[in-house]
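Visitor: My structure is below; once you've seen it, I'll send some questions.
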Amino acid sequence: MTDSGVRGAAGAAIPLVNTHVHFPPNFSAFATVADAIGAASAEGARAVGISNFFDQQVYSAFRDQADAAGIVALYGLEFITLDDDLAAAGVRVNDPANPGRMYLCGKGIAPFKQKSPTAQRIATEIRGGNDERATAMVGKLADWFASSGLETGLTAAGIANDVAAAAGVGVEWVSLQERHIAKAFQGALFTLPSPERAAVLERAYGSASKVDLDDAGALQGEIRSRLIKVGTPGYVPEVPLGFADAYSYVLEMDGIPTYPTLADGVSPICPFEEPAENLAAQLVARGIHAAELIPIRNTVACVDAYVRAFIGAGVVVMGGTEHNTPDRIPIEVACVDGPVSDYARQAFWEATCVVAAHQHLVANGEPGYVDASGARTGDDPDARRAELVAIGAALITKEEQQ
């Protein structure tokens, strides 16, 4: 990383970039792709990374609308994986409730390429497992609410149709998430007057609701935590992909395996992630040479500590916002207790440039940041990273350089 200051192309102040946003029909703070791109454009974002679960059919709309807005489209995806050895040892990774469960991202993928048989098998397994789980969850919740005095009439197919209509996409693009389901049942509850709503929830929960029953977002969160999560009436176990398959899929799709870091987004910090230097070393040992933070859940001091550890281990580190709740937070990355430091901002910028360069170079048949085995390219990794930063900066700031 450069020695000091926040600099973009030719020493200029860096543009606003964000490598992790969930776009509809994934559950999102945004109503449509156009809504999300409009928000990013209004803030002056120059590069935005999509990072959806389960299905990537919306990526062509994202590409077209980002291009029209002058925003560099970065293609990513996210998985829920399981490491059997860590699970057996009871090690919490970046999911505090489930030992061995590891979220993994891919950055700079080629979403429009013809999938290999291996990649197609994995993609089908991911989508199929999630759709079966969602159907089972909706059925259990509908029965539970019926027994609590509310006939919702909700089905997974009906919810998926509603999600598709709201996002302006085909229903075949929709793979329901827990948040979609919680929102649908919140909507059903909102058809009741407040006193009846409270009574139904007390029966469903076994105790009174603890949120403002007129606050849709708060009620969705409570439904999810009290009726969908493990140990609750609507819980259905997830079908996580094996870590090796997820890692393989990212490489099959020409991407960069990337670790999304939870850090002090939970207290205490998950053992796999503490101390930061140990996490960085474990990532490198697993063939992961890129990491990501979602700083809005972290303190400035914690972000800086993890950024330093990653950079020290030769791991590029980027920043995103997710936008996977109803909250319309800014596209610009910030920490829970204030703006990110200049040091972290510089690191996030350089990593974003690496992703943009990788995506561009691999699409043109040239080596990117990692090769098909996941190893970093180039005889001198630091020099290669600097070269990729320069290429990516030129791609992202092309209008300023004309």
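Letters A, B, ... mark the chains of the structure tokens in the order given; residue numbers begin at 1 per chain; ligand numbers begin at 1, in order shown.
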Could you list, with a cut-off of 12 Å and counting only C-alpha atoms, the residues of segment 27-62 of chain A near segment 301-319 of chain A, each shown with its nearest atom pair and the distance in Å rounded to one decimal, rows sorted by chain and ascending number, as a Markdown table?

Guide:
```
| residue | atom | partner | partner_atom | distance |
| --- | --- | --- | --- | --- |
| A:Ala47 | CA | A:Gly319 | CA | 11.8 |
| A:Val48 | CA | A:Gly319 | CA | 10.6 |
| A:Gly49 | CA | A:Gly319 | CA | 10.1 |
```

Visitor: Extract the full set of alpha helix (DSSP H) residues from segment 143-209 of chain A according to DSSP on the backbone, and format it as number ranges by chain.

Guide: A: 143-147, 156-167, 178-189, 194-205

Visitor: Which residues, written as a PyMOL selection string, have at least one atom at most 12 Å from segment 110-117 of chain A, with only C-alpha atoms counted and residues fewer than 4 positions away on the same chain left out?

Guide: chain A and resi 50-52+55-63+73-77+106+121-124+248-256+355-356+358-365

Visitor: Please list as a list in words every residue within 9 Å of Glu238 of chain A, counting only C-alpha atoms and excluding residues in the same chain fewer than 6 positions away.

Guide: Ile80, Gly129, Asn130 and Arg133 of chain A

Visitor: Using C-alpha atoms, can you write the selected residues to a file as an mmCIF file, in the first residue's frame?

Guide:
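This went into again_5.cif:
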```cif
data_model
loop_
_atom_site.group_PDB
_atom_site.id
_atom_site.type_symbol
_atom_site.label_atom_id
_atom_site.label_comp_id
_atom_site.auth_asym_id
_atom_site.auth_seq_id
_atom_site.Cartn_x
_atom_site.Cartn_y
_atom_site.Cartn_z
ATOM 1 C CA ILE A 80 -22.599 -19.481 3.270
ATOM 2 C CA GLY A 129 -30.852 -26.023 -1.348
ATOM 3 C CA ASN A 130 -31.893 -22.492 -0.514
ATOM 4 C CA ARG A 133 -35.269 -24.352 2.788
#
```

Visitor: Write out as a list in words each polymer residue whose atoms come within 9 Å of Gln186 of chain A, counting only C-alpha atoms; drop sequence neighbours fewer than 3 positions from it.

Guide: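 Here the qualifying residues turn out to be Ile181, Ala182, Lys183, Leu189, Phe190, Ala216, Gly217, Leu219, Gln220 and Ile223 of chain A.
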
Visitor: For the residues in the current selection, export N, CA and C atoms as a PDB file, in the first residue's frame.

Guide:
```
ATOM      1  N   ILE A 181     -38.903 -13.445   3.880  1.00  0.00           N
ATOM      2  CA  ILE A 181     -39.982 -14.178   4.542  1.00  0.00           C
ATOM      3  C   ILE A 181     -40.493 -13.399   5.748  1.00  0.00           C
ATOM      4  N   ALA A 182     -39.574 -12.871   6.548  1.00  0.00           N
ATOM      5  CA  ALA A 182     -39.982 -12.072   7.708  1.00  0.00           C
ATOM      6  C   ALA A 182     -40.790 -10.851   7.271  1.00  0.00           C
ATOM      7  N   LYS A 183     -40.387 -10.233   6.164  1.00  0.00           N
ATOM      8  CA  LYS A 183     -41.121  -9.062   5.667  1.00  0.00           C
ATOM      9  C   LYS A 183     -42.534  -9.449   5.236  1.00  0.00           C
ATOM     10  N   LEU A 189     -49.257  -9.333   9.284  1.00  0.00           N
ATOM     11  CA  LEU A 189     -49.615  -8.814  10.603  1.00  0.00           C
ATOM     12  C   LEU A 189     -50.150  -7.390  10.528  1.00  0.00           C
ATOM     13  N   PHE A 190     -49.635  -6.614   9.575  1.00  0.00           N
ATOM     14  CA  PHE A 190     -50.055  -5.221   9.447  1.00  0.00           C
ATOM     15  C   PHE A 190     -51.489  -5.095   8.915  1.00  0.00           C
ATOM     16  N   ALA A 216     -42.222  -1.266  10.872  1.00  0.00           N
ATOM     17  CA  ALA A 216     -42.133  -2.455  10.005  1.00  0.00           C
ATOM     18  C   ALA A 216     -40.763  -3.115  10.089  1.00  0.00           C
ATOM     19  N   GLY A 217     -39.691  -2.305  10.028  1.00  0.00           N
ATOM     20  CA  GLY A 217     -38.349  -2.873  10.047  1.00  0.00           C
ATOM     21  C   GLY A 217     -38.040  -3.574  11.355  1.00  0.00           C
ATOM     22  N   LEU A 219     -40.190  -4.871  13.445  1.00  0.00           N
ATOM     23  CA  LEU A 219     -41.001  -6.082  13.552  1.00  0.00           C
ATOM     24  C   LEU A 219     -40.446  -7.197  12.676  1.00  0.00           C
ATOM     25  N   GLN A 220     -39.962  -6.856  11.496  1.00  0.00           N
ATOM     26  CA  GLN A 220     -39.334  -7.875  10.645  1.00  0.00           C
ATOM     27  C   GLN A 220     -38.148  -8.520  11.363  1.00  0.00           C
ATOM     28  N   ILE A 223     -39.446 -10.848  14.139  1.00  0.00           N
ATOM     29  CA  ILE A 223     -39.984 -12.099  13.592  1.00  0.00           C
ATOM     30  C   ILE A 223     -38.843 -13.035  13.216  1.00  0.00           C
TER      31      ILE A 223
END
```

Visitor: Please extract the residues of segment 108-289 of chain A with a backbone DSSP assignment of strand (DSSP E or B) and present them as a list of chain:residue names.

Guide: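 Selecting the strand (DSSP E or B) positions of segment 108-289 of chain A gives A:Leu241, A:Gly242, A:Ile256, A:Pro257, A:Thr258, A:Tyr259, A:Pro260, A:Thr261.
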